[in-house]
Structures are given as C-alpha cells and as structure tokens.
>>> print(open('work.txt').read())   # compact mmCIF, C-alpha atoms
# COMPACT_ATOMS: atom_id res chain seq x y z
CA MET A 1 106.11 107.96 119.02
CA ALA A 2 104.47 110.92 120.71
CA GLY A 3 107.22 113.20 119.41
CA LEU A 4 106.03 112.53 115.85
CA SER A 5 102.43 113.71 116.34
CA PRO A 6 101.43 116.61 114.05
CA ARG A 7 99.58 119.51 115.66
CA ILE A 8 96.36 120.91 114.34
CA ALA A 9 96.42 124.52 113.13
CA GLY A 10 94.38 127.23 114.87
CA ALA A 11 90.72 128.00 114.27
CA ALA A 12 89.55 128.83 110.75
CA ALA A 13 86.28 129.33 108.91
CA ARG A 14 84.00 126.30 109.00
CA THR A 15 84.35 125.46 105.32
CA VAL A 16 88.09 125.99 105.24
CA VAL A 17 90.22 122.86 104.93
CA ARG A 18 92.38 122.53 108.03
CA VAL A 19 95.98 121.34 107.73
CA ALA A 20 98.39 120.20 110.45
CA MET A 21 102.07 120.05 109.51
CA ALA A 22 104.93 118.44 111.39
CA ALA A 23 108.57 118.21 110.28
CA LEU A 24 108.80 114.51 111.06
CA CYS A 25 112.25 114.33 109.51
CA LEU A 26 113.71 116.24 112.50
CA ALA A 27 112.39 113.68 114.97
CA LEU A 28 113.46 110.78 112.77
CA VAL A 29 116.96 112.12 112.28
CA ALA A 30 117.36 112.84 115.99
CA ALA A 31 116.42 109.24 116.70
CA GLY A 32 118.86 107.99 114.10
CA LYS A 33 116.07 106.87 111.75
CA PRO A 34 116.26 107.28 107.95
CA ALA A 35 113.46 109.07 106.14
CA ALA A 36 110.78 107.39 104.05
CA PRO A 37 110.73 107.08 100.25
CA PRO A 38 107.80 107.88 98.00
CA ALA A 39 105.32 105.06 97.52
CA LYS A 40 106.85 104.56 94.06
CA ASP A 41 110.59 105.07 94.27
CA LYS A 42 111.18 105.78 90.59
CA ALA A 43 114.70 107.02 91.23
CA ALA A 44 115.65 103.63 92.61
CA GLN A 45 114.09 101.95 89.60
CA SER A 46 115.54 104.00 86.76
CA GLY A 47 118.54 102.16 85.41
CA ALA A 48 119.30 100.51 88.75
CA MET A 49 116.77 97.69 88.42
CA ASP A 50 115.20 95.80 85.54
CA THR A 51 113.84 92.37 84.75
CA ARG A 52 114.00 90.11 81.75
CA ALA A 53 110.29 89.41 82.11
CA ASP A 54 107.86 91.78 80.42
CA VAL A 55 105.75 92.22 83.56
CA ALA A 56 107.08 92.73 87.09
CA LEU A 57 105.78 94.19 90.34
CA LEU A 58 107.20 94.32 93.87
CA VAL A 59 104.99 95.51 96.74
CA ASP A 60 105.39 95.85 100.50
CA LEU A 61 102.28 94.22 101.95
CA ALA A 62 102.02 96.16 105.22
CA THR A 63 102.14 99.63 103.66
CA GLY A 64 100.98 98.85 100.13
CA SER A 65 104.03 100.72 98.81
CA VAL A 66 105.04 99.85 95.25
CA LEU A 67 108.82 99.34 95.26
CA PHE A 68 109.21 98.36 91.61
CA GLU A 69 106.82 98.10 88.70
CA LYS A 70 107.11 97.27 85.02
CA ASN A 71 103.94 97.02 82.93
CA ALA A 72 102.04 96.35 86.14
CA GLU A 73 98.68 97.14 84.50
CA LYS A 74 99.31 95.16 81.32
CA VAL A 75 96.69 92.45 80.79
CA PHE A 76 98.05 88.94 80.28
CA PRO A 77 96.81 85.33 80.62
CA PRO A 78 97.40 84.18 84.22
CA ALA A 79 97.77 80.47 83.37
CA SER A 80 97.84 78.48 86.63
CA LEU A 81 97.92 81.67 88.70
CA THR A 82 94.16 81.41 88.12
CA LYS A 83 94.15 78.70 90.78
CA MET A 84 94.87 81.34 93.42
CA MET A 85 91.26 82.48 93.03
CA THR A 86 90.01 78.87 93.00
CA VAL A 87 91.76 78.41 96.33
CA ALA A 88 90.51 81.76 97.67
CA ILE A 89 86.88 80.73 97.13
CA ALA A 90 87.45 77.50 99.07
CA PHE A 91 89.34 79.33 101.83
CA ARG A 92 86.42 81.64 102.48
CA GLU A 93 83.98 78.73 102.61
CA ILE A 94 86.20 77.02 105.18
CA LYS A 95 86.73 80.13 107.27
CA GLU A 96 83.00 80.86 107.40
CA GLY A 97 82.15 77.30 108.40
CA ARG A 98 80.39 76.11 105.25
CA LEU A 99 83.14 73.70 104.18
CA SER A 100 85.38 71.23 105.99
CA LEU A 101 88.80 69.94 105.03
CA GLU A 102 87.37 66.45 105.66
CA ALA A 103 84.51 66.89 103.18
CA GLU A 104 84.82 64.85 100.00
CA TYR A 105 84.10 65.70 96.39
CA PRO A 106 83.96 63.26 93.45
CA VAL A 107 86.33 63.38 90.49
CA SER A 108 84.02 63.58 87.49
CA GLU A 109 84.90 62.29 84.05
CA HIS A 110 85.23 65.92 82.92
CA ALA A 111 87.69 66.70 85.72
CA TRP A 112 89.65 63.51 85.00
CA ARG A 113 89.84 63.96 81.21
CA THR A 114 90.44 67.72 81.25
CA GLY A 115 92.86 67.92 84.16
CA GLY A 116 93.82 64.38 85.14
CA ALA A 117 96.17 61.76 83.74
CA PRO A 118 94.68 61.76 80.18
CA SER A 119 95.21 65.53 79.86
CA HIS A 120 99.01 65.41 80.16
CA THR A 121 98.85 68.64 82.19
CA SER A 122 99.65 69.36 85.84
CA SER A 123 97.74 66.73 87.80
CA MET A 124 97.45 65.04 91.20
CA PHE A 125 96.38 61.85 89.36
CA ALA A 126 93.12 61.39 91.24
CA PRO A 127 91.29 58.30 89.86
CA ILE A 128 88.10 58.88 87.90
CA HIS A 129 84.92 58.69 90.04
CA SER A 130 86.95 58.60 93.26
CA ASN A 131 86.04 60.78 96.22
CA VAL A 132 88.81 63.12 97.38
CA LYS A 133 88.96 65.10 100.62
CA VAL A 134 88.95 68.87 100.31
CA GLY A 135 92.22 69.00 102.23
CA ASP A 136 93.87 66.77 99.63
CA LEU A 137 92.37 68.73 96.75
CA LEU A 138 93.79 71.95 98.18
CA GLN A 139 97.24 70.43 98.61
CA GLY A 140 97.12 69.09 95.06
CA ILE A 141 96.15 72.51 93.69
CA MET A 142 98.52 74.58 95.84
CA ILE A 143 101.58 72.32 95.71
CA GLN A 144 101.30 70.41 92.43
CA SER A 145 99.10 72.89 90.50
CA ALA A 146 96.67 70.02 89.91
CA ASN A 147 94.12 70.76 87.21
CA ASP A 148 92.04 67.71 88.11
CA GLY A 149 91.99 68.90 91.72
CA ALA A 150 90.90 72.40 90.69
CA LEU A 151 88.06 71.05 88.56
CA ALA A 152 86.85 68.60 91.23
CA LEU A 153 86.86 71.38 93.83
CA ALA A 154 85.08 73.79 91.47
CA GLU A 155 82.35 71.29 90.58
CA GLY A 156 81.88 70.38 94.22
CA LEU A 157 81.57 73.95 95.44
CA GLY A 158 79.81 75.52 92.46
CA GLY A 159 77.61 72.64 91.32
CA SER A 160 79.30 72.93 87.94
CA GLU A 161 82.43 74.43 86.49
CA SER A 162 80.50 77.35 85.01
CA GLY A 163 78.71 77.99 88.29
CA PHE A 164 82.02 78.16 90.11
CA VAL A 165 83.50 80.51 87.50
CA GLU A 166 80.65 82.93 88.20
CA ARG A 167 81.70 82.93 91.84
CA MET A 168 85.31 83.53 90.87
CA ASN A 169 84.43 86.60 88.83
CA ALA A 170 82.13 87.93 91.53
CA ARG A 171 84.89 87.60 94.12
CA ALA A 172 87.37 89.31 91.79
CA LYS A 173 84.98 92.25 91.55
CA GLU A 174 84.64 92.37 95.35
CA LEU A 175 88.42 92.54 95.70
CA GLY A 176 88.72 95.38 93.19
CA MET A 177 90.45 93.26 90.55
CA THR A 178 89.10 95.49 87.80
CA SER A 179 91.19 94.09 84.94
CA THR A 180 90.69 90.41 85.74
CA GLY A 181 88.33 87.84 84.27
CA PHE A 182 88.12 84.07 84.64
CA ALA A 183 86.78 81.48 82.22
CA ASN A 184 87.77 78.35 84.14
CA PRO A 185 89.20 77.39 87.56
CA THR A 186 92.44 75.96 86.17
CA GLY A 187 94.02 78.63 83.96
CA LEU A 188 94.10 76.25 81.00
CA PRO A 189 94.15 78.26 77.72
CA ASP A 190 91.01 80.35 77.21
CA PRO A 191 90.69 83.93 75.91
CA GLY A 192 88.45 84.71 78.89
CA ASN A 193 91.30 84.26 81.37
CA ARG A 194 93.04 87.60 81.90
CA THR A 195 94.63 89.58 84.73
CA THR A 196 97.31 92.13 85.66
CA ALA A 197 100.16 92.17 88.13
CA LYS A 198 98.35 94.76 90.26
CA ASP A 199 95.23 92.60 90.46
CA LEU A 200 97.29 89.56 91.41
CA VAL A 201 98.88 91.46 94.30
CA ARG A 202 95.38 92.20 95.63
CA LEU A 203 94.52 88.52 95.49
CA ALA A 204 97.81 87.45 97.06
CA GLY A 205 97.34 89.90 99.92
CA THR A 206 93.87 88.49 100.57
CA LEU A 207 95.19 84.93 100.80
CA ILE A 208 97.97 85.94 103.19
CA VAL A 209 96.04 88.29 105.48
CA GLU A 210 92.58 86.72 105.64
CA TYR A 211 93.55 83.04 105.70
CA PRO A 212 96.99 82.78 107.37
CA ASP A 213 96.61 79.17 108.55
CA LEU A 214 95.42 77.82 105.20
CA TYR A 215 97.96 79.94 103.33
CA LYS A 216 100.73 77.88 104.98
CA ILE A 217 99.93 75.00 102.64
CA TYR A 218 101.70 76.93 99.87
CA SER A 219 105.02 76.47 101.70
CA GLN A 220 104.87 72.65 101.76
CA PRO A 221 107.81 71.30 99.73
CA GLU A 222 106.01 68.21 98.44
CA PHE A 223 102.79 66.20 98.41
CA THR A 224 102.10 62.54 97.74
CA TYR A 225 98.72 61.40 96.44
CA ASN A 226 97.69 58.12 94.84
CA LYS A 227 101.22 56.89 95.72
CA ILE A 228 102.72 59.54 93.43
CA ARG A 229 105.18 61.95 95.06
CA GLN A 230 105.43 65.42 93.53
CA PHE A 231 107.38 68.50 94.54
CA ASN A 232 106.30 72.12 94.91
CA ARG A 233 106.83 74.02 91.66
CA ASN A 234 107.69 77.34 93.34
CA PRO A 235 111.45 78.00 92.84
CA LEU A 236 111.55 80.55 95.68
CA LEU A 237 110.95 77.78 98.23
CA ARG A 238 114.30 76.29 97.29
CA GLY A 239 116.75 78.48 99.13
CA PHE A 240 115.28 82.00 99.29
CA PRO A 241 115.14 83.08 102.97
CA GLY A 242 111.59 83.55 104.26
CA ALA A 243 109.83 82.45 101.05
CA ASP A 244 106.51 80.73 101.77
CA GLY A 245 104.44 80.99 98.56
CA ILE A 246 102.66 81.40 96.31
CA LYS A 247 102.08 80.08 92.76
CA THR A 248 103.67 79.53 89.36
CA GLY A 249 102.02 79.23 85.96
CA PHE A 250 102.82 78.58 82.33
CA ILE A 251 100.99 78.31 79.06
CA LYS A 252 102.36 79.14 75.63
CA GLU A 253 100.14 82.22 75.38
CA SER A 254 101.47 83.79 78.59
CA GLY A 255 105.02 82.57 79.08
CA TYR A 256 106.29 81.78 82.57
CA ASN A 257 104.47 83.56 85.42
CA LEU A 258 104.92 83.67 89.18
CA VAL A 259 103.40 85.25 92.27
CA GLY A 260 105.78 84.93 95.20
CA SER A 261 106.01 86.14 98.76
CA ALA A 262 108.64 86.16 101.49
CA LEU A 263 108.81 87.33 105.10
CA GLN A 264 112.03 88.65 106.64
CA ASN A 265 112.35 90.41 110.01
CA GLY A 266 108.62 91.11 110.12
CA GLN A 267 108.51 92.63 106.63
CA ARG A 268 106.56 90.84 103.89
CA LEU A 269 107.07 91.53 100.20
CA ILE A 270 104.96 90.24 97.29
CA VAL A 271 106.49 89.83 93.85
CA VAL A 272 104.74 89.20 90.51
CA ILE A 273 106.54 88.09 87.36
CA GLY A 274 104.68 87.73 84.06
CA GLY A 275 105.70 86.74 80.57
CA ALA A 276 109.18 85.41 81.31
CA ALA A 277 110.77 83.51 78.43
CA THR A 278 112.09 80.63 80.55
CA GLU A 279 111.70 79.08 83.98
CA LYS A 280 115.21 80.28 84.80
CA ASP A 281 114.39 83.89 83.90
CA ARG A 282 111.23 83.74 86.00
CA ALA A 283 113.09 82.45 89.07
CA GLU A 284 116.03 84.85 88.71
CA ASP A 285 113.80 87.90 88.25
CA ALA A 286 111.73 87.04 91.33
CA ARG A 287 114.77 86.40 93.51
CA LYS A 288 116.52 89.56 92.30
CA LEU A 289 113.54 91.80 93.08
CA LEU A 290 112.96 90.30 96.52
CA GLU A 291 116.63 90.54 97.45
CA TRP A 292 116.74 94.18 96.31
CA GLY A 293 113.52 95.02 98.16
CA PHE A 294 114.64 93.58 101.49
CA ARG A 295 118.10 95.12 101.12
CA THR A 296 116.87 98.60 100.20
CA PHE A 297 113.80 99.22 102.39
CA GLU A 298 112.62 98.76 105.94
CA THR A 299 109.33 99.43 107.70
CA VAL A 300 109.09 101.94 110.57
CA HIS A 301 106.10 102.03 112.90
CA LEU A 302 104.73 105.56 113.44
CA TYR A 303 101.42 105.20 115.28
CA GLY A 304 99.48 102.35 116.78
CA ALA A 305 95.81 101.70 116.13
CA GLY A 306 93.82 104.15 118.25
CA GLU A 307 96.90 106.19 119.24
CA ALA A 308 96.18 109.93 119.33
CA ILE A 309 97.77 111.76 116.39
CA GLY A 310 96.48 115.26 117.06
CA GLU A 311 93.34 117.27 117.85
CA ALA A 312 90.71 118.72 115.52
CA ALA A 313 88.74 121.85 116.42
CA VAL A 314 85.10 121.37 117.41
CA PHE A 315 82.22 123.85 116.96
CA GLY A 316 79.40 123.96 119.51
CA GLY A 317 80.60 121.15 121.73
CA LEU A 318 81.29 120.62 125.40
CA SER A 319 84.92 120.40 124.32
CA SER A 320 86.69 122.75 121.92
CA GLY A 321 88.61 119.89 120.33
CA VAL A 322 88.52 116.17 119.64
CA ARG A 323 91.49 113.84 119.47
CA VAL A 324 91.94 111.99 116.18
CA ALA A 325 93.52 108.60 115.50
CA ALA A 326 93.74 105.92 112.84
CA SER A 327 91.81 102.68 113.25
CA LYS A 328 94.81 100.65 112.07
CA PRO A 329 98.54 100.88 112.82
CA ILE A 330 100.43 103.38 110.67
CA ASP A 331 103.63 101.94 109.22
CA ILE A 332 105.84 103.84 106.80
CA LEU A 333 108.32 102.24 104.42
CA ILE A 334 111.75 103.77 104.89
CA GLN A 335 114.59 103.71 102.38
CA ARG A 336 117.71 102.59 104.22
CA GLY A 337 120.24 105.41 104.57
CA SER A 338 117.88 108.11 103.31
CA ARG A 339 117.77 111.44 105.20
CA ASP A 340 115.16 113.23 103.09
CA LYS A 341 112.52 115.21 104.93
CA LEU A 342 109.39 113.38 105.95
CA LYS A 343 106.31 115.45 106.75
CA ALA A 344 102.81 114.66 107.96
CA ARG A 345 99.60 116.66 108.07
CA VAL A 346 96.07 116.04 109.21
CA VAL A 347 93.57 117.43 106.72
CA TYR A 348 89.89 117.94 107.58
CA THR A 349 87.04 120.35 106.94
CA GLY A 350 86.30 122.16 110.16
CA PRO A 351 85.71 123.02 112.81
CA ILE A 352 83.74 119.78 113.25
CA LYS A 353 80.17 120.42 114.35
CA ALA A 354 79.10 118.74 117.59
CA PRO A 355 77.77 116.26 118.54
CA ILE A 356 80.59 113.92 117.45
CA GLU A 357 80.46 110.17 117.85
CA LYS A 358 83.48 108.10 118.80
CA GLY A 359 84.85 106.55 115.58
CA GLN A 360 83.29 109.25 113.37
CA ALA A 361 85.33 109.98 110.23
CA ILE A 362 87.21 113.26 110.63
CA GLY A 363 89.73 113.54 107.81
CA ARG A 364 93.07 112.10 106.62
CA LEU A 365 96.64 111.89 107.77
CA ILE A 366 98.84 112.60 104.74
CA VAL A 367 102.50 111.59 104.90
CA THR A 368 104.81 113.07 102.25
CA ARG A 369 108.46 112.94 101.26
CA ASN A 370 109.87 115.66 99.04
CA ASP A 371 106.27 116.73 98.30
CA ALA A 372 105.41 113.22 97.03
CA VAL A 373 102.60 111.48 98.90
CA VAL A 374 103.78 108.31 100.61
CA GLN A 375 100.53 107.40 102.36
CA GLU A 376 97.05 108.75 103.02
CA ILE A 377 95.37 107.26 106.08
CA PRO A 378 91.78 107.99 107.23
CA VAL A 379 91.54 109.34 110.78
CA GLU A 380 88.54 109.26 113.10
CA ALA A 381 87.38 110.74 116.40
CA LEU A 382 89.02 109.04 119.36
CA ASP A 383 86.38 110.38 121.77
CA ALA A 384 82.73 111.38 121.70
CA VAL A 385 81.92 115.09 122.07
CA GLU A 386 78.44 116.08 123.19
CA ARG A 387 76.66 119.20 122.03
CA GLY A 388 77.46 122.21 124.20
CA SER A 389 75.16 124.73 125.87
CA ILE A 390 73.52 127.62 124.05
CA ARG A 391 76.14 129.92 125.57
CA GLN A 392 79.00 127.74 124.32
CA ARG A 393 77.52 127.57 120.81
CA ALA A 394 77.09 131.35 120.78
CA ILE A 395 80.73 131.87 121.79
CA ASP A 396 81.92 129.47 119.08
CA GLY A 397 79.70 131.17 116.50
CA THR A 398 81.04 134.63 117.38
CA ARG A 399 84.61 133.38 117.17
CA GLU A 400 84.02 131.89 113.73
CA VAL A 401 82.49 135.14 112.46
CA LEU A 402 85.46 137.16 113.73
CA ILE A 403 87.96 134.75 112.21
CA GLY A 404 86.08 134.91 108.92
CA LEU A 405 86.31 138.72 108.91
CA LEU A 406 90.04 138.63 109.70
CA ARG A 407 90.66 136.24 106.81
CA ARG A 408 89.10 138.60 104.23
>>> encode(input="work.txt", output="structure tokens")
Amino acid sequence: MAGLSPRIAGAAARTVVRVAMAALCLALVAAGKPAAPPAKDKAAQSGAMDTRADVALLVDLATGSVLFEKNAEKVFPPASLTKMMTVAIAFREIKEGRLSLEAEYPVSEHAWRTGGAPSHTSSMFAPIHSNVKVGDLLQGIMIQSANDGALALAEGLGGSESGFVERMNARAKELGMTSTGFANPTGLPDPGNRTTAKDLVRLAGTLIVEYPDLYKIYSQPEFTYNKIRQFNRNPLLRGFPGADGIKTGFIKESGYNLVGSALQNGQRLIVVIGGAATEKDRAEDARKLLEWGFRTFETVHLYGAGEAIGEAAVFGGLSSGVRVAASKPIDILIQRGSRDKLKARVVYTGPIKAPIEKGQAIGRLIVTRNDAVVQEIPVEALDAVERGSIRQRAIDGTREVLIGLLRR
C-alpha cells in the first residue's frame, strides 16, 4: 500500500502543528476500491434501519467503527449479560496461570438455593455441597446461563460473593466501562446491576481478543451436566452464518437482552440488543443488524504494523527526518459501492528535537471522509535518530529562524 502513504509537509516553526495530506480516494478509485464511511454512518441509519428494541448497537471489532446505534449510552439492567464479566474474571485467572479448568469449587447452600434447582431460575442443577470442575462451571454459565454455576465460581475465586463483586467492578473500571456497576455475579434482579450497550461492546471485545480459545465455549450448542441436557440459549447460533457467541439475558426489569458476535470473511461484528419486548424481537433485531452490517460494509487494510507511513522533520539530528509508523495494523471500514473521497494526514508538533528513540510517540494519523473523522491512530518513530553535531544543530537553528521570519 505504498501508494497510499501521505507525505509530510515542508519545514515549519518548531511549535507549529505539521500536517501531511494525501488524496487517498484517488489511489483507492484507481485500484477499484470503494471509499470509507464515517465511523458513524448516520445517513445509512436514518430511516433505512431501525429496531423494535429500545437499545441497539452494531460495531466492527477490528476498526471500532460504530455502524448503528440507538440509545447506546442508555443505562439498563444487564440481567444475565452480567455473567460475561463473571466469565471474564475467570478467563484472566486461567490465562495468567492462577486457575486451572480442572480445579474444583464447592456448591454452597447459598449458590444452590439462590441459583440452583430451588430457585427456579437458569441452572446447571449442580447438587448442593458437590464439587464442580471450573471447566464445567464455565460451560454451565456460558451455555446454560447457570446461576448456580456463576455463584459457585464467584465464591471460589473471590472467597465470597461480595468479594468477587468487588473484583468485577474493579475490572469494569479497568476496561473503561464507565456506566457499569455490578451487585452480583448472576444478573439476578438488583438495583446495583446496570450497564450500557457501549460498555458491553468493550467487554465483548475483551473476551474475543484476549481469550480466543476460552471464548469458543460460547459457540457450543449444548451441555449436559448431572445427566440433564440443556441447549445454548443464543438464537444466533441457530442458523446465522459465522455466529459464535455471546450471551442472552432476561429479567422483568430489563426485558430481553443480547450480546452477539459473528465472523464472516475475516470481518467480525458485535451486536447489542437491550430492552426487547419478546424473545422473537430480540432475535430478529440482532439478525437484521448483523445481516445489514455484513452486507453494507467491508474492511480494507491500509498499513501493516511497523510499515512506514511518512517522514517527520527532525531538528538537530544526524538525520533531517524520521520515518513514522503505527504499532498496530491500520484497517479502515469501507462502505460497499461508495466513491467518496478518503483523505489521510499525519499531524505532529515539529520539527521533532533529536535525539529520538525508536518507538517514541510522534503524532497521529487522521483518516477522514467528507471532513468527518473515520479514525485517529497514534504514530511513532520507526527509527532512532541520534543528536547531530554542533554544526548540524546550528544549520537547523538558522533554517528555523528564517522560516519563522517568512511566515510572519
């Protein structure tokens, strides 16, 4: 994608913000590629798409682009979507080697009465005072939405239900889930349980990206425990291409909720539905949004991690410039059939004073479409630049003074 690289503008005063512009649309059109949409394609949403549910959000995971949103910051009770955080805590313990799938935790009387057979709620029907493997508890929680499994896991990991809830809220804060709070590990009715669609997307992305092997449990169609066979509650797993998670939830106070995800042709979308009136509405809204998202958008790769994007001017160095790159791949979401102009610019305050370390933050690559920002990506120095000689620094200083006078 070398033809897409923006070029850095000429020298300017040290405190002046430098901007590099490139008409990326020309290169994309020449290659037969459509141009990218804004991160929030409101034109595609207005009138063309809607949901019966009060809350809806559709996000492209790779780029973070919001494809559709409806009351995405409205606070609502998550119900059993709460168990996504319960699972996330266990996943991290497993990944970091502090917990094994073969470890066993007891089913206390509290877990049995509150979430087991006597509760008449979602349950894996683990016998009271039995010891259950962590692997089975996770399957019960992720496939059957087992409240007894969630409580047994919480008590085992946190020492008590309240101790585990503290960990849940701490992790939510770490993930930037600013509108979320947890009062229990199950999602059973409690005023302290609250979240938003945007926060749930953050949590879903963490489960998918950080724990890909454990995340696969969500796609299992069924699970049998204590000789009782139960099927996965996620309607997307029954016929939607590429669907592999994540969780459903319902309590009277919240209506029918869902966080779903599907992968098609390398593109992963996450959908959140909240407050649907019926199970049917919840399933239809989720399927409709995912179908529309995959049909309407595609992801185009612009730059690889560490691939040179351009060059920033350097003051007082052995080199007059330093190449800049992003530490992660740069992917842009493209609206199929769109030919609108896509532009990119590297913005930094410069020239950058030497010495410069490799990996040092330099500025940002800003990608826009029709003057709307699609993405902002931090860029860093691709090479180290040592401090130049006294003569070189004097030459650079004189040049900056002259440029400053010309700009007056």
>>> atom_distance(input="work.txt", atom1="CA of Leu289 (chain A)", atom2="CA of Phe182 (chain A)")
27.9 Å
>>> closest_residue(input="work.txt", among="A:Ile309, A:Val373, A:Leu365, A:Leu318", to="Lys353 (chain A)", atoms="all atoms listed in the file")
A:Leu318
>>> closest_residue(input="work.txt", among="A:Leu269, A:Val367, A:Ala183, A:Ala354", to="Lys83 (chain A)", atoms="only C-alpha atoms")
A:Ala183
>>> closest_residue(input="work.txt", among="A:Val314, A:Leu153, A:Leu236, A:Ala243", to="Asp285 (chain A)", atoms="all atoms listed in the file")
A:Leu236
>>> closest_residue(input="work.txt", among="A:His110, A:Arg268, A:His120, A:Arg282", to="Val209 (chain A)", atoms="only C-alpha atoms")
A:Arg268
>>> closest_residue(input="work.txt", among="A:Ala103, A:Ile143, A:Leu342, A:Ile332", to="Arg229 (chain A)", atoms="all atoms listed in the file")
A:Ile143
>>> closest_atom_pairs(input="work.txt", of="region 163-213 of chain A", to="region 66-70 of chain A", cutoff="12 Å", atoms="all atoms listed in the file", output="JSON lines")
{"residue": "A:Thr196", "atom": "CA", "partner": "A:Lys70", "partner_atom": "CA", "distance": 11.1}
{"residue": "A:Ala197", "atom": "CA", "partner": "A:Glu69", "partner_atom": "CA", "distance": 8.9}
{"residue": "A:Lys198", "atom": "CA", "partner": "A:Glu69", "partner_atom": "CA", "distance": 9.2}
{"residue": "A:Val201", "atom": "CA", "partner": "A:Val66", "partner_atom": "CA", "distance": 10.5}
>>> residues_around(input="work.txt", residues="Phe223 (chain A)", least_positions_apart="2", cutoff="8 Å", atoms="only C-alpha atoms", output="mmCIF file with C-alpha atoms, keeping the file's coordinate frame")
data_model
loop_
_atom_site.group_PDB
_atom_site.id
_atom_site.type_symbol
_atom_site.label_atom_id
_atom_site.label_comp_id
_atom_site.auth_asym_id
_atom_site.auth_seq_id
_atom_site.Cartn_x
_atom_site.Cartn_y
_atom_site.Cartn_z
ATOM 1 C CA GLN A 139 97.240 70.430 98.610
ATOM 2 C CA GLY A 140 97.120 69.090 95.060
ATOM 3 C CA ILE A 143 101.580 72.320 95.710
ATOM 4 C CA GLN A 144 101.300 70.410 92.430
ATOM 5 C CA GLN A 220 104.870 72.650 101.760
ATOM 6 C CA PRO A 221 107.810 71.300 99.730
ATOM 7 C CA TYR A 225 98.720 61.400 96.440
ATOM 8 C CA ARG A 229 105.180 61.950 95.060
ATOM 9 C CA GLN A 230 105.430 65.420 93.530
ATOM 10 C CA PHE A 231 107.380 68.500 94.540
ATOM 11 C CA ASN A 232 106.300 72.120 94.910
#
>>> residues_around(input="work.txt", residues="region 379-381 of chain A", least_positions_apart="3", cutoff="7 Å", atoms="only C-alpha atoms", output="count of residues only")
13
>>> atom_distance(input="work.txt", atom1="CA of Asp54 (chain A)", atom2="CA of Tyr215 (chain A)")
27.6 Å
